[in-house]
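Asker: Okay, so here is target.pdb, and as you'll see once you scroll down, it has PDB, C-alpha atoms, pLDDT in the B column.
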ATOM      1  CA  MET A   1      37.248  -9.291  16.459  1.00 73.00           C
ATOM      2  CA  ASN A   2      36.739 -13.005  16.881  1.00 83.00           C
ATOM      3  CA  PHE A   3      33.421 -14.648  17.522  1.00 87.00           C
ATOM      4  CA  SER A   4      32.205 -18.186  17.130  1.00 92.00           C
ATOM      5  CA  ILE A   5      29.934 -19.718  14.540  1.00 92.00           C
ATOM      6  CA  ASN A   6      27.494 -20.366  17.413  1.00 94.00           C
ATOM      7  CA  GLU A   7      27.191 -16.619  17.989  1.00 94.00           C
ATOM      8  CA  VAL A   8      26.588 -16.035  14.295  1.00 94.00           C
ATOM      9  CA  ASP A   9      23.967 -18.811  14.333  1.00 94.00           C
ATOM     10  CA  GLN A  10      22.250 -17.227  17.339  1.00 94.00           C
ATOM     11  CA  VAL A  11      21.931 -13.895  15.529  1.00 94.00           C
ATOM     12  CA  ILE A  12      20.625 -15.627  12.385  1.00 94.00           C
ATOM     13  CA  ALA A  13      18.134 -17.728  14.391  1.00 94.00           C
ATOM     14  CA  ARG A  14      16.716 -14.689  16.186  1.00 92.00           C
ATOM     15  CA  THR A  15      16.574 -12.283  13.241  1.00 91.00           C
ATOM     16  CA  GLY A  16      16.344 -14.408  10.103  1.00 91.00           C
ATOM     17  CA  CYS A  17      19.180 -12.424   8.567  1.00 92.00           C
ATOM     18  CA  SER A  18      21.883 -13.744   6.267  1.00 93.00           C
ATOM     19  CA  TYR A  19      25.274 -14.992   7.438  1.00 94.00           C
ATOM     20  CA  GLU A  20      26.890 -11.830   6.100  1.00 94.00           C
ATOM     21  CA  GLU A  21      24.417  -9.550   7.905  1.00 92.00           C
ATOM     22  CA  ALA A  22      24.967 -11.445  11.165  1.00 94.00           C
ATOM     23  CA  LYS A  23      28.744 -11.247  10.792  1.00 94.00           C
ATOM     24  CA  LEU A  24      28.671  -7.500  10.076  1.00 94.00           C
ATOM     25  CA  ALA A  25      26.340  -6.843  13.005  1.00 94.00           C
ATOM     26  CA  LEU A  26      28.616  -8.807  15.327  1.00 94.00           C
ATOM     27  CA  LEU A  27      31.618  -6.868  14.042  1.00 94.00           C
ATOM     28  CA  ASP A  28      29.780  -3.585  14.633  1.00 93.00           C
ATOM     29  CA  THR A  29      28.901  -4.595  18.192  1.00 94.00           C
ATOM     30  CA  ASP A  30      32.280  -6.086  19.190  1.00 92.00           C
ATOM     31  CA  GLY A  31      30.844  -9.611  19.211  1.00 93.00           C
ATOM     32  CA  ASN A  32      27.898  -8.866  21.513  1.00 94.00           C
ATOM     33  CA  VAL A  33      25.094 -11.138  20.331  1.00 94.00           C
ATOM     34  CA  VAL A  34      22.266  -9.217  21.997  1.00 94.00           C
ATOM     35  CA  ASP A  35      23.475  -5.856  20.670  1.00 94.00           C
ATOM     36  CA  ALA A  36      23.845  -7.358  17.187  1.00 94.00           C
ATOM     37  CA  ILE A  37      20.258  -8.641  17.300  1.00 93.00           C
ATOM     38  CA  VAL A  38      18.958  -5.268  18.511  1.00 93.00           C
ATOM     39  CA  GLN A  39      20.895  -3.448  15.779  1.00 92.00           C
ATOM     40  CA  LEU A  40      19.490  -5.681  13.034  1.00 92.00           C
ATOM     41  CA  GLU A  41      15.934  -5.316  14.364  1.00 90.00           C
ATOM     42  CA  LYS A  42      16.257  -1.516  14.444  1.00 89.00           C
ATOM     43  CA  GLU A  43      17.551  -1.472  10.871  1.00 87.00           C
ATOM     44  CA  ARG A  44      14.677  -3.659   9.692  1.00 86.00           C
ATOM     45  CA  ASN A  45      12.086  -1.513  11.473  1.00 82.00           C
ATOM     46  CA  GLN A  46      13.533   1.654   9.948  1.00 81.00           C
ATOM     47  CA  ASN A  47      13.536   0.077   6.478  1.00 79.00           C
ATOM     48  CA  PHE A  48       9.961  -1.136   6.928  1.00 78.00           C
ATOM     49  CA  GLY A  49       8.827   2.330   8.027  1.00 76.00           C
ATOM     50  CA  ALA A  50      10.441   3.962   5.001  1.00 78.00           C
ATOM     51  CA  ARG A  51       8.930   1.391   2.596  1.00 77.00           C
ATOM     52  CA  PHE A  52       5.503   1.762   4.224  1.00 77.00           C
ATOM     53  CA  ASN A  53       5.640   5.556   3.884  1.00 76.00           C
ATOM     54  CA  GLU A  54       6.581   5.216   0.193  1.00 78.00           C
ATOM     55  CA  PHE A  55       3.675   2.781  -0.273  1.00 74.00           C
ATOM     56  CA  VAL A  56       1.195   5.197   1.331  1.00 72.00           C
ATOM     57  CA  GLU A  57       2.523   8.159  -0.686  1.00 76.00           C
ATOM     58  CA  GLU A  58       2.186   6.168  -3.905  1.00 76.00           C
ATOM     59  CA  GLY A  59      -1.335   5.205  -2.868  1.00 70.00           C
ATOM     60  CA  GLU A  60      -2.245   8.818  -2.217  1.00 72.00           C
ATOM     61  CA  ARG A  61      -0.926   9.813  -5.643  1.00 73.00           C
ATOM     62  CA  THR A  62      -2.818   6.938  -7.283  1.00 71.00           C
ATOM     63  CA  THR A  63      -6.019   7.689  -5.386  1.00 71.00           C
ATOM     64  CA  ASN A  64      -5.771  11.397  -6.205  1.00 72.00           C
ATOM     65  CA  SER A  65      -5.180  10.545  -9.857  1.00 73.00           C
ATOM     66  CA  ILE A  66      -8.201   8.248  -9.956  1.00 70.00           C
ATOM     67  CA  MET A  67     -10.407  10.760  -8.140  1.00 71.00           C
ATOM     68  CA  THR A  68      -9.289  13.607 -10.425  1.00 76.00           C
ATOM     69  CA  LYS A  69     -10.041  11.523 -13.504  1.00 74.00           C
ATOM     70  CA  ILE A  70     -13.473  10.549 -12.163  1.00 69.00           C
ATOM     71  CA  LYS A  71     -14.302  14.179 -11.282  1.00 72.00           C
ATOM     72  CA  GLU A  72     -13.279  15.313 -14.770  1.00 73.00           C
ATOM     73  CA  MET A  73     -15.460  12.683 -16.393  1.00 70.00           C
ATOM     74  CA  ILE A  74     -18.410  13.522 -14.125  1.00 66.00           C
ATOM     75  CA  ALA A  75     -17.988  17.220 -14.983  1.00 69.00           C
ATOM     76  CA  GLU A  76     -18.309  16.280 -18.654  1.00 67.00           C
ATOM     77  CA  GLY A  77     -21.772  15.015 -17.721  1.00 66.00           C
ATOM     78  CA  ASN A  78     -21.691  11.630 -19.397  1.00 65.00           C
ATOM     79  CA  VAL A  79     -20.942   9.296 -16.474  1.00 70.00           C
ATOM     80  CA  ASN A  80     -23.680   7.082 -15.054  1.00 73.00           C
ATOM     81  CA  ARG A  81     -21.855   4.653 -12.775  1.00 76.00           C
ATOM     82  CA  ILE A  82     -18.499   3.920 -11.179  1.00 75.00           C
ATOM     83  CA  ALA A  83     -17.625   0.264 -10.634  1.00 78.00           C
ATOM     84  CA  VAL A  84     -14.873  -1.801  -9.068  1.00 75.00           C
ATOM     85  CA  ARG A  85     -13.985  -5.106 -10.718  1.00 77.00           C
ATOM     86  CA  ASN A  86     -11.503  -7.813  -9.868  1.00 75.00           C
ATOM     87  CA  ASN A  87      -8.831  -8.987 -12.299  1.00 74.00           C
ATOM     88  CA  GLU A  88     -11.234 -11.621 -13.677  1.00 78.00           C
ATOM     89  CA  GLY A  89     -13.758  -8.961 -14.664  1.00 76.00           C
ATOM     90  CA  LYS A  90     -16.274  -9.753 -11.893  1.00 80.00           C
ATOM     91  CA  GLN A  91     -17.987  -6.570 -10.777  1.00 76.00           C
ATOM     92  CA  LEU A  92     -17.714  -6.175  -7.004  1.00 71.00           C
ATOM     93  CA  VAL A  93     -19.198  -2.725  -6.495  1.00 71.00           C
ATOM     94  CA  SER A  94     -21.229  -0.480  -8.748  1.00 73.00           C
ATOM     95  CA  VAL A  95     -22.354   2.943  -7.568  1.00 72.00           C
ATOM     96  CA  SER A  96     -24.413   5.492  -9.436  1.00 73.00           C
ATOM     97  CA  VAL A  97     -22.722   8.860  -9.789  1.00 67.00           C
ATOM     98  CA  ASN A  98     -25.388  10.609  -7.696  1.00 60.00           C
ATOM     99  CA  ALA A  99     -25.070   8.089  -4.853  1.00 48.00           C
ATOM    100  CA  GLY A 100     -21.295   8.174  -5.167  1.00 50.00           C
ATOM    101  CA  ALA A 101     -21.209  11.938  -4.833  1.00 51.00           C
ATOM    102  CA  ALA A 102     -23.430  11.790  -1.751  1.00 47.00           C
ATOM    103  CA  LEU A 103     -21.370   9.032  -0.154  1.00 50.00           C
ATOM    104  CA  GLY A 104     -18.126  10.832  -1.000  1.00 53.00           C
ATOM    105  CA  GLY A 105     -19.336  13.990   0.720  1.00 47.00           C
ATOM    106  CA  VAL A 106     -20.403  12.075   3.819  1.00 44.00           C
ATOM    107  CA  ALA A 107     -17.095  10.168   3.894  1.00 47.00           C
ATOM    108  CA  LEU A 108     -15.071  13.368   3.713  1.00 43.00           C
ATOM    109  CA  LEU A 109     -17.153  14.950   6.455  1.00 39.00           C
ATOM    110  CA  ALA A 110     -16.566  11.869   8.609  1.00 44.00           C
ATOM    111  CA  GLY A 111     -12.803  12.127   8.112  1.00 45.00           C
ATOM    112  CA  ALA A 112     -12.593   8.931   6.087  1.00 43.00           C
ATOM    113  CA  ALA A 113      -9.939  10.202   3.677  1.00 48.00           C
ATOM    114  CA  PRO A 114      -7.354   7.706   5.006  1.00 51.00           C
ATOM    115  CA  LEU A 115      -9.823   4.889   4.318  1.00 48.00           C
ATOM    116  CA  VAL A 116     -10.186   6.110   0.745  1.00 54.00           C
ATOM    117  CA  VAL A 117      -6.408   6.073   0.360  1.00 53.00           C
ATOM    118  CA  ILE A 118      -6.125   2.598   1.860  1.00 52.00           C
ATOM    119  CA  SER A 119      -8.950   1.231  -0.286  1.00 59.00           C
ATOM    120  CA  GLY A 120      -7.295   2.783  -3.324  1.00 59.00           C
ATOM    121  CA  LEU A 121      -4.001   1.135  -2.424  1.00 54.00           C
ATOM    122  CA  ILE A 122      -5.595  -2.247  -1.897  1.00 57.00           C
ATOM    123  CA  ALA A 123      -7.704  -2.030  -5.005  1.00 55.00           C
ATOM    124  CA  LYS A 124      -4.920  -0.786  -7.260  1.00 57.00           C
ATOM    125  CA  TYR A 125      -1.943  -2.732  -5.921  1.00 57.00           C
ATOM    126  CA  GLY A 126      -2.921  -5.324  -3.372  1.00 60.00           C
ATOM    127  CA  LEU A 127      -5.758  -7.097  -5.109  1.00 61.00           C
ATOM    128  CA  ASN A 128      -5.392  -6.041  -8.752  1.00 68.00           C
ATOM    129  CA  TYR A 129      -8.831  -4.470  -8.833  1.00 72.00           C
ATOM    130  CA  GLN A 130      -9.895  -1.997 -11.479  1.00 74.00           C
ATOM    131  CA  PHE A 131     -11.879   1.203 -11.180  1.00 74.00           C
ATOM    132  CA  VAL A 132     -14.259   1.463 -14.129  1.00 77.00           C
ATOM    133  CA  VAL A 133     -16.234   4.522 -15.198  1.00 78.00           C
ATOM    134  CA  ILE A 134     -19.399   3.569 -17.095  1.00 79.00           C
ATOM    135  CA  LYS A 135     -20.647   6.313 -19.366  1.00 78.00           C
ATOM    136  CA  ALA A 136     -24.212   7.128 -20.363  1.00 75.00           C
ATOM    137  CA  ASP A 137     -23.741   5.456 -23.768  1.00 80.00           C
ATOM    138  CA  GLY A 138     -22.599   2.198 -22.078  1.00 77.00           C
ATOM    139  CA  SER A 139     -18.926   2.583 -22.946  1.00 81.00           C
ATOM    140  CA  GLU A 140     -16.388   2.003 -20.185  1.00 79.00           C
ATOM    141  CA  THR A 141     -13.101   3.570 -19.177  1.00 77.00           C
ATOM    142  CA  VAL A 142     -10.743   1.607 -16.914  1.00 76.00           C
ATOM    143  CA  LEU A 143      -8.736   3.801 -14.553  1.00 69.00           C
TER     144      LEU A 143
END
Step by step, read the file and then write its structure as structure tokens.

Answerer:
Amino acid sequence: MNFSINEVDQVIARTGCSYEEAKLALLDTDGNVVDAIVQLEKERNQNFGARFNEFVEEGERTTNSIMTKIKEMIAEGNVNRIAVRNNEGKQLVSVSVNAGAALGGVALLAGAAPLVVISGLIAKYGLNYQFVVIKADGSETVL
């Protein structure tokens, strides 16, 4: 199949793909520029969806891990506060265990579990925040 450099350039300009990706898409679509662009966009959307799902699943695992650890420490009876700090050590949020338990129950009743997952994702991966458990004796455990 023959196609011109202008057709390759059109595909690259519209999709931001590499020369090789544009060439392969044009070969797959018998030189049809519009079909090549549509094919590349579909591939990118499918790849984005798969990566997003992996990101959310990892966030759910991380959030569940953090919540399990916090619950275990609370059950031990020596946790006073739970805090969130940024990567510079500045404390952004600090919640007493009693208030945290009440808010957690209300959030679950309101169906806010996805918000918990998203906040866990952002805090753990997006913004490099730390979850810190502050014990009764003043010692801290970073989760």

Asker: Provide the CA of Val79 (chain A) to CA of Thr63 (chain A) distance in Å, to one decimal place.

Answerer: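 Atom-to-atom, CA of Val79 (chain A) and CA of Thr63 (chain A) are spaced 18.7 Å apart.
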
Asker: Record the distance separating CA of Ala136 (chain A) and CA of Met67 (chain A), expressed in Å with one decimal.

Answerer: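 For CA of Ala136 (chain A) relative to CA of Met67 (chain A), the distance reads 18.8 Å.
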
Asker: Just give me the gap between CA of Arg81 (chain A) and CA of Ile134 (chain A) in Å, one decimal is fine.

Answerer: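 Separation between CA of Arg81 (chain A) and CA of Ile134 (chain A): 5.1 Å.
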
Asker: Using the chain letters and residue numbers of this document, give as a list in words the residues selected by the PyMOL selection byres ((chain A and resi 89-91) around 12).

Answerer: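 On this input, the PyMOL selection byres ((chain A and resi 89-91) around 12) captures Ile82, Ala83, Val84, Arg85, Asn86, Asn87, Glu88, Leu92, Val93, Ser94, Val95, Asn128, Tyr129, Gln130, Phe131, Val132 and Val142 of chain A.
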
Asker: Assuming the chain letters and numbering stay as they are in my file, what does the PyMOL selection byres ((chain A and resi 10-21) around 12) actually select? List them as a ChimeraX atom specification.

Answerer: /A:3-9,22-29,31-45
